[in-house]
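Text of the file model-v9.txt, holding compact mmCIF, N, CA and C atoms:
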# COMPACT_ATOMS: atom_id res chain seq x y z
N MET A 1 73.78 64.01 67.18
CA MET A 1 74.70 63.21 66.42
C MET A 1 73.95 62.01 65.85
N GLN A 2 74.20 61.68 64.62
CA GLN A 2 73.52 60.58 63.96
C GLN A 2 74.53 59.54 63.51
N PHE A 3 74.01 58.35 63.26
CA PHE A 3 74.84 57.29 62.71
C PHE A 3 74.23 56.83 61.40
N LEU A 4 75.02 56.81 60.37
CA LEU A 4 74.58 56.33 59.07
C LEU A 4 75.24 54.99 58.80
N ILE A 5 74.53 54.12 58.14
CA ILE A 5 75.06 52.81 57.80
C ILE A 5 75.59 52.86 56.37
N ASP A 6 76.84 52.48 56.18
CA ASP A 6 77.45 52.45 54.86
C ASP A 6 78.19 51.13 54.71
N SER A 7 77.68 50.26 53.88
CA SER A 7 78.29 48.94 53.64
C SER A 7 78.52 48.20 54.95
N GLY A 8 77.53 48.25 55.82
CA GLY A 8 77.63 47.51 57.07
C GLY A 8 78.39 48.22 58.17
N LYS A 9 78.96 49.39 57.90
CA LYS A 9 79.70 50.13 58.91
C LYS A 9 78.88 51.31 59.37
N LYS A 10 78.99 51.63 60.65
CA LYS A 10 78.33 52.83 61.15
C LYS A 10 79.27 54.00 60.98
N LEU A 11 78.76 55.07 60.40
CA LEU A 11 79.53 56.29 60.22
C LEU A 11 78.87 57.39 61.04
N MET A 12 79.64 58.12 61.79
CA MET A 12 79.10 59.18 62.62
C MET A 12 79.06 60.47 61.81
N THR A 13 77.97 61.21 61.98
CA THR A 13 77.85 62.50 61.33
C THR A 13 77.25 63.51 62.30
N THR A 14 77.60 64.75 62.13
CA THR A 14 77.04 65.79 62.99
C THR A 14 75.98 66.59 62.25
N ASP A 15 75.61 66.16 61.06
CA ASP A 15 74.58 66.83 60.27
C ASP A 15 73.22 66.58 60.95
N PRO A 16 72.59 67.60 61.53
CA PRO A 16 71.33 67.38 62.25
C PRO A 16 70.19 67.04 61.30
N LEU A 17 69.20 66.35 61.84
CA LEU A 17 68.01 66.04 61.07
C LEU A 17 67.05 67.21 61.10
N CYS A 18 66.31 67.37 60.02
CA CYS A 18 65.23 68.36 60.00
C CYS A 18 64.04 67.74 59.26
N LEU A 19 62.86 68.23 59.58
CA LEU A 19 61.64 67.72 58.95
C LEU A 19 61.37 68.48 57.67
N VAL A 20 61.03 67.73 56.62
CA VAL A 20 60.78 68.30 55.30
C VAL A 20 59.43 67.78 54.81
N PHE A 21 58.58 68.69 54.37
CA PHE A 21 57.28 68.30 53.81
C PHE A 21 57.50 67.73 52.42
N VAL A 22 56.84 66.59 52.15
CA VAL A 22 56.91 65.95 50.83
C VAL A 22 55.49 65.55 50.43
N PRO A 23 54.91 66.20 49.42
CA PRO A 23 55.45 67.32 48.64
C PRO A 23 55.53 68.58 49.49
N ALA A 24 56.15 69.61 48.93
CA ALA A 24 56.33 70.87 49.64
C ALA A 24 54.99 71.39 50.15
N LEU A 25 54.98 71.90 51.38
CA LEU A 25 53.75 72.42 51.97
C LEU A 25 53.18 73.56 51.14
N ALA A 26 54.03 74.39 50.58
CA ALA A 26 53.56 75.49 49.73
C ALA A 26 52.74 74.95 48.55
N ALA A 27 53.20 73.87 47.95
CA ALA A 27 52.49 73.27 46.81
C ALA A 27 51.17 72.65 47.26
N VAL A 28 51.17 72.01 48.41
CA VAL A 28 49.94 71.39 48.93
C VAL A 28 48.90 72.47 49.25
N LEU A 29 49.34 73.55 49.88
CA LEU A 29 48.42 74.64 50.20
C LEU A 29 47.87 75.30 48.94
N GLN A 30 48.73 75.49 47.95
CA GLN A 30 48.28 76.10 46.69
C GLN A 30 47.23 75.22 46.01
N ALA A 31 47.47 73.91 45.99
CA ALA A 31 46.51 72.99 45.38
C ALA A 31 45.17 73.02 46.13
N ALA A 32 45.23 73.08 47.46
CA ALA A 32 44.00 73.12 48.26
C ALA A 32 43.23 74.42 48.00
N GLN A 33 43.95 75.52 47.90
CA GLN A 33 43.29 76.80 47.64
C GLN A 33 42.70 76.83 46.23
N ASP A 34 43.42 76.29 45.26
CA ASP A 34 42.89 76.22 43.89
C ASP A 34 41.61 75.40 43.84
N LYS A 35 41.62 74.28 44.57
CA LYS A 35 40.44 73.41 44.60
C LYS A 35 39.26 74.11 45.27
N LYS A 36 39.54 74.84 46.35
CA LYS A 36 38.49 75.56 47.09
C LYS A 36 37.95 76.74 46.29
N GLY A 37 38.81 77.38 45.51
CA GLY A 37 38.40 78.52 44.71
C GLY A 37 38.36 79.84 45.45
N GLN A 38 38.87 79.84 46.66
CA GLN A 38 38.97 81.07 47.45
C GLN A 38 40.06 80.89 48.50
N PRO A 39 40.50 81.98 49.13
CA PRO A 39 41.60 81.87 50.08
C PRO A 39 41.30 80.91 51.23
N LEU A 40 42.32 80.18 51.63
CA LEU A 40 42.21 79.29 52.79
C LEU A 40 42.18 80.11 54.07
N THR A 41 41.47 79.61 55.06
CA THR A 41 41.47 80.25 56.37
C THR A 41 42.69 79.77 57.17
N GLU A 42 42.98 80.46 58.25
CA GLU A 42 44.10 80.04 59.10
C GLU A 42 43.87 78.63 59.64
N ILE A 43 42.65 78.33 60.01
CA ILE A 43 42.35 76.98 60.52
C ILE A 43 42.60 75.94 59.43
N GLU A 44 42.18 76.22 58.21
CA GLU A 44 42.40 75.27 57.10
C GLU A 44 43.89 75.07 56.84
N VAL A 45 44.65 76.16 56.84
CA VAL A 45 46.10 76.07 56.60
C VAL A 45 46.74 75.19 57.67
N CYS A 46 46.38 75.41 58.92
CA CYS A 46 46.97 74.63 60.02
C CYS A 46 46.54 73.16 59.96
N GLU A 47 45.29 72.90 59.58
CA GLU A 47 44.83 71.52 59.45
C GLU A 47 45.56 70.81 58.32
N ILE A 48 45.75 71.49 57.20
CA ILE A 48 46.48 70.90 56.08
C ILE A 48 47.92 70.61 56.49
N ARG A 49 48.54 71.57 57.16
CA ARG A 49 49.91 71.37 57.66
C ARG A 49 49.97 70.13 58.56
N ASP A 50 49.02 70.01 59.47
CA ASP A 50 49.04 68.90 60.43
C ASP A 50 48.80 67.55 59.78
N ARG A 51 48.13 67.52 58.63
CA ARG A 51 47.86 66.27 57.92
C ARG A 51 48.91 65.94 56.86
N SER A 52 49.79 66.87 56.57
CA SER A 52 50.76 66.69 55.48
C SER A 52 51.89 65.75 55.89
N THR A 53 52.46 65.10 54.90
CA THR A 53 53.54 64.14 55.12
C THR A 53 54.87 64.85 55.26
N CYS A 54 55.62 64.44 56.28
CA CYS A 54 56.98 64.96 56.51
C CYS A 54 57.94 63.78 56.56
N ILE A 55 59.16 64.05 56.15
CA ILE A 55 60.23 63.07 56.32
C ILE A 55 61.39 63.76 57.03
N ALA A 56 62.17 62.99 57.75
CA ALA A 56 63.35 63.52 58.43
C ALA A 56 64.55 63.32 57.52
N LEU A 57 65.24 64.40 57.22
CA LEU A 57 66.43 64.36 56.36
C LEU A 57 67.58 65.05 57.06
N PRO A 58 68.81 64.63 56.78
CA PRO A 58 69.95 65.42 57.24
C PRO A 58 69.83 66.83 56.67
N PHE A 59 70.23 67.81 57.44
CA PHE A 59 70.10 69.21 57.04
C PHE A 59 70.69 69.46 55.66
N SER A 60 71.85 68.87 55.37
CA SER A 60 72.49 69.09 54.07
C SER A 60 71.63 68.54 52.93
N ALA A 61 70.97 67.42 53.15
CA ALA A 61 70.09 66.84 52.12
C ALA A 61 68.85 67.71 51.93
N ALA A 62 68.33 68.27 53.03
CA ALA A 62 67.17 69.17 52.93
C ALA A 62 67.52 70.42 52.14
N LEU A 63 68.71 70.96 52.36
CA LEU A 63 69.15 72.13 51.59
C LEU A 63 69.28 71.80 50.11
N ALA A 64 69.83 70.63 49.81
CA ALA A 64 69.98 70.21 48.42
C ALA A 64 68.61 70.04 47.76
N LEU A 65 67.65 69.48 48.50
CA LEU A 65 66.30 69.32 47.98
C LEU A 65 65.67 70.68 47.68
N GLU A 66 65.87 71.63 48.58
CA GLU A 66 65.35 72.99 48.38
C GLU A 66 65.97 73.64 47.15
N GLU A 67 67.26 73.46 46.97
CA GLU A 67 67.93 74.02 45.79
C GLU A 67 67.40 73.39 44.51
N ASP A 68 67.19 72.07 44.51
CA ASP A 68 66.64 71.39 43.34
C ASP A 68 65.23 71.87 43.02
N ARG A 69 64.44 72.09 44.07
CA ARG A 69 63.05 72.53 43.90
C ARG A 69 63.00 73.96 43.38
N GLY A 70 63.97 74.78 43.77
CA GLY A 70 64.04 76.15 43.28
C GLY A 70 63.41 77.19 44.18
N TYR A 71 62.87 76.79 45.30
CA TYR A 71 62.28 77.74 46.24
C TYR A 71 62.26 77.12 47.64
N PRO A 72 62.33 77.97 48.67
CA PRO A 72 62.23 77.44 50.04
C PRO A 72 60.78 77.12 50.36
N ASP A 73 60.57 76.09 51.16
CA ASP A 73 59.21 75.74 51.55
C ASP A 73 58.80 76.57 52.77
N ILE A 74 57.55 76.47 53.11
CA ILE A 74 56.99 77.14 54.28
C ILE A 74 57.47 76.42 55.54
N VAL A 75 57.84 77.19 56.55
CA VAL A 75 58.24 76.63 57.84
C VAL A 75 56.97 76.32 58.63
N ALA A 76 56.88 75.09 59.13
CA ALA A 76 55.66 74.63 59.80
C ALA A 76 55.22 75.53 60.95
N GLU A 77 56.17 75.97 61.75
CA GLU A 77 55.84 76.76 62.94
C GLU A 77 55.27 78.14 62.60
N ASP A 78 55.51 78.62 61.40
CA ASP A 78 55.04 79.94 60.99
C ASP A 78 54.24 79.85 59.69
N CYS A 79 53.53 78.73 59.53
CA CYS A 79 52.90 78.46 58.23
C CYS A 79 51.87 79.50 57.82
N TRP A 80 51.06 79.99 58.74
CA TRP A 80 50.03 80.95 58.37
C TRP A 80 50.64 82.24 57.83
N ASN A 81 51.60 82.82 58.57
CA ASN A 81 52.23 84.07 58.13
C ASN A 81 52.99 83.89 56.82
N GLN A 82 53.72 82.78 56.70
CA GLN A 82 54.47 82.55 55.47
C GLN A 82 53.54 82.28 54.29
N TRP A 83 52.43 81.60 54.53
CA TRP A 83 51.47 81.37 53.46
C TRP A 83 50.87 82.69 52.99
N GLN A 84 50.58 83.59 53.92
CA GLN A 84 50.04 84.90 53.55
C GLN A 84 51.04 85.67 52.68
N ARG A 85 52.31 85.64 53.06
CA ARG A 85 53.34 86.32 52.26
C ARG A 85 53.46 85.69 50.87
N LEU A 86 53.46 84.37 50.81
CA LEU A 86 53.58 83.68 49.53
C LEU A 86 52.39 83.99 48.62
N ARG A 87 51.20 84.02 49.18
CA ARG A 87 49.99 84.31 48.39
C ARG A 87 50.02 85.71 47.81
N SER A 88 50.63 86.65 48.52
CA SER A 88 50.63 88.04 48.07
C SER A 88 51.70 88.33 47.02
N GLN A 89 52.56 87.37 46.74
CA GLN A 89 53.64 87.59 45.76
C GLN A 89 53.12 87.46 44.34
Take the structure I supplied and represent it as C-alpha cells, if you would.
Amino acid sequence: MQFLIDSGKKLMTTDPLCLVFVPALAAVLQAAQDKKGQPLTEIEVCEIRDRSTCIALPFSAALALEEDRGYPDIVAEDCWNQWQRLRSQ
C-alpha cells in the first residue's frame, strides 16, 4: 500500500510500485550492441542491466509508459533470454 501526497493530503492507493528502466533497457542494449558492432555477451548484457537507471512507478503509470513507448521493455530478471528473443525478431 502506498501513500500519495495531493495538495497536502495523503491519499492511499493499492497500486503497487514496479521498477522501470529509463531509458528502456531494450534501447540501451541495442545502442551498446550497435556501438560494439557485434552481439553482446551474456555478461555484457547483465552488466549493462546492472548499471542502467531504474525508477519506481505505480504499476498503472508503468503500463501507461509502455503503451506510449509502443513496446514492452525487457524484464530485468530474464534480460538475457528476452534480449536474445528481441535480437532475433
Inset, instruction - For atom C of Leu25 of chain A and atom N of Ile74 of chain A, determine how far apart the two atoms are, in Å to one decimal place. - result: 5.6 Å
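Distances here use only C-alpha atoms; by that measure, the residue among A:Leu65, A:Gly70, A:Trp83, A:Cys18 closest to Arg49 of chain A is A:Trp83.
We find atom N of Thr14 of chain A and atom CA of Ala61 of chain A to be spaced 12.7 Å apart.
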Inset, instruction - Please report, as number ranges by chain, each residue of chain A to which DSSP assigns alpha helix (DSSP H) when run on this structure's backbone. - result: A: 25-36, 42-51, 59-69, 79-87
Legend entry - DSSP strand (DSSP E) residues within chain A, as a list in words: Gln2, Phe3, Leu4, Ile5, Asp6, Lys9, Lys10, Leu11, Met12, Thr13, Leu17, Cys18, Leu19, Val20, Phe21, Cys54, Ile55, Ala56, Leu57 and Pro58 of chain A
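Atom C of Leu17 of chain A lies 24.9 Å from atom N of Arg85 of chain A.
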Inset, instruction - Place a sphere of radius 8 Å on (59.0, 64.0, 49.1) in the file coordinates and name every protein, DNA or RNA residue with an atom inside or on its surface, counting only N, CA and C atoms; give the answer as a ChimeraX atom specification. - result: /A:20-24,53-55
Need the axis-aligned box for segment 24-43 of chain A with 5 Å each side, so what are the centre and edges in Å to one decimal, as AutoDock Vina command-line options?
--center_x 47.1 --center_y 75.8 --center_z 52.2 --size_x 28.4 --size_y 22.4 --size_z 26.7
Legend entry - Exercise: residues within 12 Å of coordinate (42.9, 84.7, 51.5), counting only C-alpha atoms, as a PyMOL selection string: chain A and resi 29-30+33-34+36-45+80-81+83-88
